[in-house]
Amino acid sequence: MGVRGFGAALVDLVLPGDCAGCGDPAHPWCPRCLAGLGEPSWPVVPGMPDVLAVGRYSGPLRTALLRYKERGRRDLAAPLAALLGGPLDEILPPPPAVTWLLPAPSRPAAARSRGGDHVARLCRALAADRPEVRVARPLRLARGTLDSVGLDAAQRAQNLAGRLRVRAAGLPPAGAATVLVDDVVTTGATLRACRSTLASAGVRVDVGLVLCDATRRTGVRVAPPIG
């Protein structure tokens, strides 16, 4: 674990519970941030089956994700996973069917600096209290993959081309129901690349689930109320 990862671990231990969106002493969300989280929706992502998003990449949801992802607040995995829980419950098949969460992988350097893969951590928190939900990690990114911030759709696709690898030992059972999970969808390049790579290994992605929708919203439909 690097210095930044060690610091993140200390943060987990010593920080009191606060609002994930603004830091006020109200855990997990203060009333103002809770009201500003927005509504779940189904952004249209070409080349993907349905994708369900918790909310827009703005306001307290964006702030909370950045605090969790870039500022060492690993303790925010729980409140962010709780936001994913409602939408996930809406798309799960009835029990006793088992659904496998497949996290989109982080770049190795980014995962090291964050004390672990942040999307995989979200998936583990999401599955913790759901015996019918499990986590598989069949995908990894090769070294040399660039940060996607600032890249357009074509550049993002090129950045991922040939750099996604499948770990056979991490594959879910054949024919299992699957949900591909990521933190943000912008152009859909990551979700499409993950889906294509999994398909080459015989794994079908049934639906995508993301925290934040950063698409241009063309053709978006609002999801049914959660809960």
# chains A, B, ... in the order shown; residues from 1 in each chain; ligands from 1
>>> residues_around(residues="Ala64 (chain A)", least_positions_apart="2", cutoff="8 Å", atoms="only C-alpha atoms", output="list in words")
Ala20, Gly21, Cys22, Pro60, Leu61, Arg62, Leu66, Arg67, Tyr68, Leu76 and Leu80 of chain A
>>> select_by_dssp(residues="region 136-171 of chain A", states="alpha helix (DSSP H)", output="JSON, numbers by chain")
{"A": [153, 154, 155, 156, 157, 158, 159, 160]}
>>> closest_residue(among="A:Pro94, A:Ala168, A:Pro105, A:Gln155", to="Val133 (chain A)", atoms="only C-alpha atoms")
A:Pro94
>>> select_by_dssp(residues="region 52-195 of chain A", states="strand (DSSP E)", output="ChimeraX atom specification")
/A:52-56,99-103,133-135,139-141,164-166,177-185
>>> write_last_selection(atoms="N, CA, C and O atoms", output="JSON list (two decimals), in the first residue's frame")
[["chain", "number", "residue", "atom", "x", "y", "z"],
["A", 52, "LEU", "N", -28.92, 1.67, -15.67],
["A", 52, "LEU", "CA", -29.66, 2.39, -14.64],
["A", 52, "LEU", "C", -28.67, 3.24, -13.84],
["A", 52, "LEU", "O", -27.65, 2.74, -13.36],
["A", 53, "ALA", "N", -28.97, 4.54, -13.71],
["A", 53, "ALA", "CA", -28.11, 5.47, -12.98],
["A", 53, "ALA", "C", -28.83, 6.00, -11.76],
["A", 53, "ALA", "O", -30.02, 6.31, -11.81],
["A", 54, "VAL", "N", -28.10, 6.14, -10.66],
["A", 54, "VAL", "CA", -28.68, 6.68, -9.43],
["A", 54, "VAL", "C", -29.05, 8.14, -9.60],
["A", 54, "VAL", "O", -30.10, 8.59, -9.13],
["A", 55, "GLY", "N", -28.20, 8.91, -10.26],
["A", 55, "GLY", "CA", -28.48, 10.33, -10.44],
["A", 55, "GLY", "C", -27.47, 10.96, -11.38],
["A", 55, "GLY", "O", -26.57, 10.30, -11.90],
["A", 56, "ARG", "N", -27.62, 12.27, -11.58],
["A", 56, "ARG", "CA", -26.71, 13.00, -12.45],
["A", 56, "ARG", "C", -25.37, 13.21, -11.77],
["A", 56, "ARG", "O", -25.26, 13.25, -10.54],
["A", 99, "THR", "N", -27.48, -13.16, -8.47],
["A", 99, "THR", "CA", -26.99, -12.17, -9.43],
["A", 99, "THR", "C", -25.55, -11.81, -9.10],
["A", 99, "THR", "O", -25.21, -11.62, -7.92],
["A", 100, "TRP", "N", -24.74, -11.69, -10.12],
["A", 100, "TRP", "CA", -23.32, -11.38, -9.93],
["A", 100, "TRP", "C", -23.03, -9.96, -10.36],
["A", 100, "TRP", "O", -23.38, -9.55, -11.47],
["A", 101, "LEU", "N", -22.42, -9.18, -9.47],
["A", 101, "LEU", "CA", -21.96, -7.84, -9.79],
["A", 101, "LEU", "C", -20.57, -7.92, -10.39],
["A", 101, "LEU", "O", -19.68, -8.57, -9.82],
["A", 102, "LEU", "N", -20.37, -7.26, -11.52],
["A", 102, "LEU", "CA", -19.09, -7.28, -12.22],
["A", 102, "LEU", "C", -18.56, -5.84, -12.27],
["A", 102, "LEU", "O", -19.02, -5.03, -13.07],
["A", 103, "PRO", "N", -17.62, -5.47, -11.40],
["A", 103, "PRO", "CA", -17.12, -4.10, -11.39],
["A", 103, "PRO", "C", -16.24, -3.80, -12.60],
["A", 103, "PRO", "O", -15.38, -4.61, -12.97],
["A", 133, "VAL", "N", -26.83, -11.77, -3.89],
["A", 133, "VAL", "CA", -25.95, -10.96, -4.73],
["A", 133, "VAL", "C", -24.49, -11.27, -4.38],
["A", 133, "VAL", "O", -24.12, -11.28, -3.21],
["A", 134, "ARG", "N", -23.70, -11.52, -5.40],
["A", 134, "ARG", "CA", -22.29, -11.84, -5.20],
["A", 134, "ARG", "C", -21.44, -11.00, -6.16],
["A", 134, "ARG", "O", -21.96, -10.43, -7.11],
["A", 135, "VAL", "N", -20.16, -10.95, -5.88],
["A", 135, "VAL", "CA", -19.24, -10.12, -6.67],
["A", 135, "VAL", "C", -18.22, -11.02, -7.36],
["A", 135, "VAL", "O", -17.62, -11.89, -6.73],
["A", 139, "LEU", "N", -12.46, -8.90, -14.80],
["A", 139, "LEU", "CA", -11.79, -7.95, -15.69],
["A", 139, "LEU", "C", -10.65, -7.22, -14.98],
["A", 139, "LEU", "O", -10.73, -6.91, -13.80],
["A", 140, "ARG", "N", -9.61, -6.96, -15.73],
["A", 140, "ARG", "CA", -8.53, -6.09, -15.25],
["A", 140, "ARG", "C", -8.03, -5.26, -16.43],
["A", 140, "ARG", "O", -8.19, -5.64, -17.59],
["A", 141, "LEU", "N", -7.43, -4.13, -16.09],
["A", 141, "LEU", "CA", -6.86, -3.24, -17.10],
["A", 141, "LEU", "C", -5.36, -3.41, -17.14],
["A", 141, "LEU", "O", -4.70, -3.46, -16.09],
["A", 164, "LEU", "N", -8.12, -4.42, -21.98],
["A", 164, "LEU", "CA", -8.93, -5.15, -21.00],
["A", 164, "LEU", "C", -8.58, -6.63, -21.06],
["A", 164, "LEU", "O", -8.52, -7.22, -22.13],
["A", 165, "ARG", "N", -8.34, -7.22, -19.91],
["A", 165, "ARG", "CA", -7.98, -8.63, -19.82],
["A", 165, "ARG", "C", -9.03, -9.37, -19.00],
["A", 165, "ARG", "O", -9.65, -8.80, -18.10],
["A", 166, "VAL", "N", -9.21, -10.64, -19.31],
["A", 166, "VAL", "CA", -10.14, -11.49, -18.57],
["A", 166, "VAL", "C", -9.36, -12.44, -17.68],
["A", 166, "VAL", "O", -8.44, -13.12, -18.14],
["A", 177, "ALA", "N", -26.98, -14.56, -14.00],
["A", 177, "ALA", "CA", -27.44, -13.18, -14.18],
["A", 177, "ALA", "C", -26.34, -12.23, -13.74],
["A", 177, "ALA", "O", -25.70, -12.45, -12.71],
["A", 178, "THR", "N", -26.10, -11.17, -14.52],
["A", 178, "THR", "CA", -24.99, -10.28, -14.24],
["A", 178, "THR", "C", -25.41, -8.82, -14.31],
["A", 178, "THR", "O", -26.30, -8.45, -15.07],
["A", 179, "VAL", "N", -24.72, -8.00, -13.53],
["A", 179, "VAL", "CA", -24.88, -6.54, -13.57],
["A", 179, "VAL", "C", -23.48, -5.94, -13.66],
["A", 179, "VAL", "O", -22.65, -6.16, -12.78],
["A", 180, "LEU", "N", -23.22, -5.20, -14.72],
["A", 180, "LEU", "CA", -21.95, -4.51, -14.89],
["A", 180, "LEU", "C", -22.03, -3.18, -14.15],
["A", 180, "LEU", "O", -22.93, -2.38, -14.40],
["A", 181, "VAL", "N", -21.09, -2.92, -13.22],
["A", 181, "VAL", "CA", -21.16, -1.77, -12.33],
["A", 181, "VAL", "C", -19.99, -0.83, -12.59],
["A", 181, "VAL", "O", -18.85, -1.26, -12.72],
["A", 182, "ASP", "N", -20.29, 0.48, -12.64],
["A", 182, "ASP", "CA", -19.24, 1.50, -12.74],
["A", 182, "ASP", "C", -19.67, 2.71, -11.93],
["A", 182, "ASP", "O", -20.82, 2.80, -11.50],
["A", 183, "ASP", "N", -18.74, 3.65, -11.74],
["A", 183, "ASP", "CA", -19.09, 4.83, -10.96],
["A", 183, "ASP", "C", -19.76, 5.90, -11.80],
["A", 183, "ASP", "O", -20.75, 6.51, -11.37],
["A", 184, "VAL", "N", -19.25, 6.14, -13.02],
["A", 184, "VAL", "CA", -19.79, 7.20, -13.88],
["A", 184, "VAL", "C", -19.90, 6.69, -15.31],
["A", 184, "VAL", "O", -19.00, 5.98, -15.78],
["A", 185, "VAL", "N", -20.98, 7.03, -15.99],
["A", 185, "VAL", "CA", -21.06, 6.79, -17.43],
["A", 185, "VAL", "C", -21.06, 8.15, -18.12],
["A", 185, "VAL", "O", -21.84, 9.03, -17.79]]
>>> closest_residue(among="A:Ala35, A:Leu84, A:Ile91, A:Ala161", to="Arg192 (chain A)", atoms="only C-alpha atoms")
A:Ala161
>>> closest_residue(among="A:Leu160, A:Leu171, A:Ala82, A:Val45", to="Pro28 (chain A)", atoms="only C-alpha atoms")
A:Ala82
>>> closest_residue(among="A:Gly115, A:Gly38, A:Pro95, A:Pro43", to="Glu70 (chain A)", atoms="only C-alpha atoms")
A:Gly115
>>> closest_residue(among="A:Thr186, A:Ser148, A:Ser113, A:Ser58", to="Pro46 (chain A)", atoms="only C-alpha atoms")
A:Thr186
>>> atom_distance(atom1="CA of Thr197 (chain A)", atom2="CA of Ala153 (chain A)")
17.8 Å
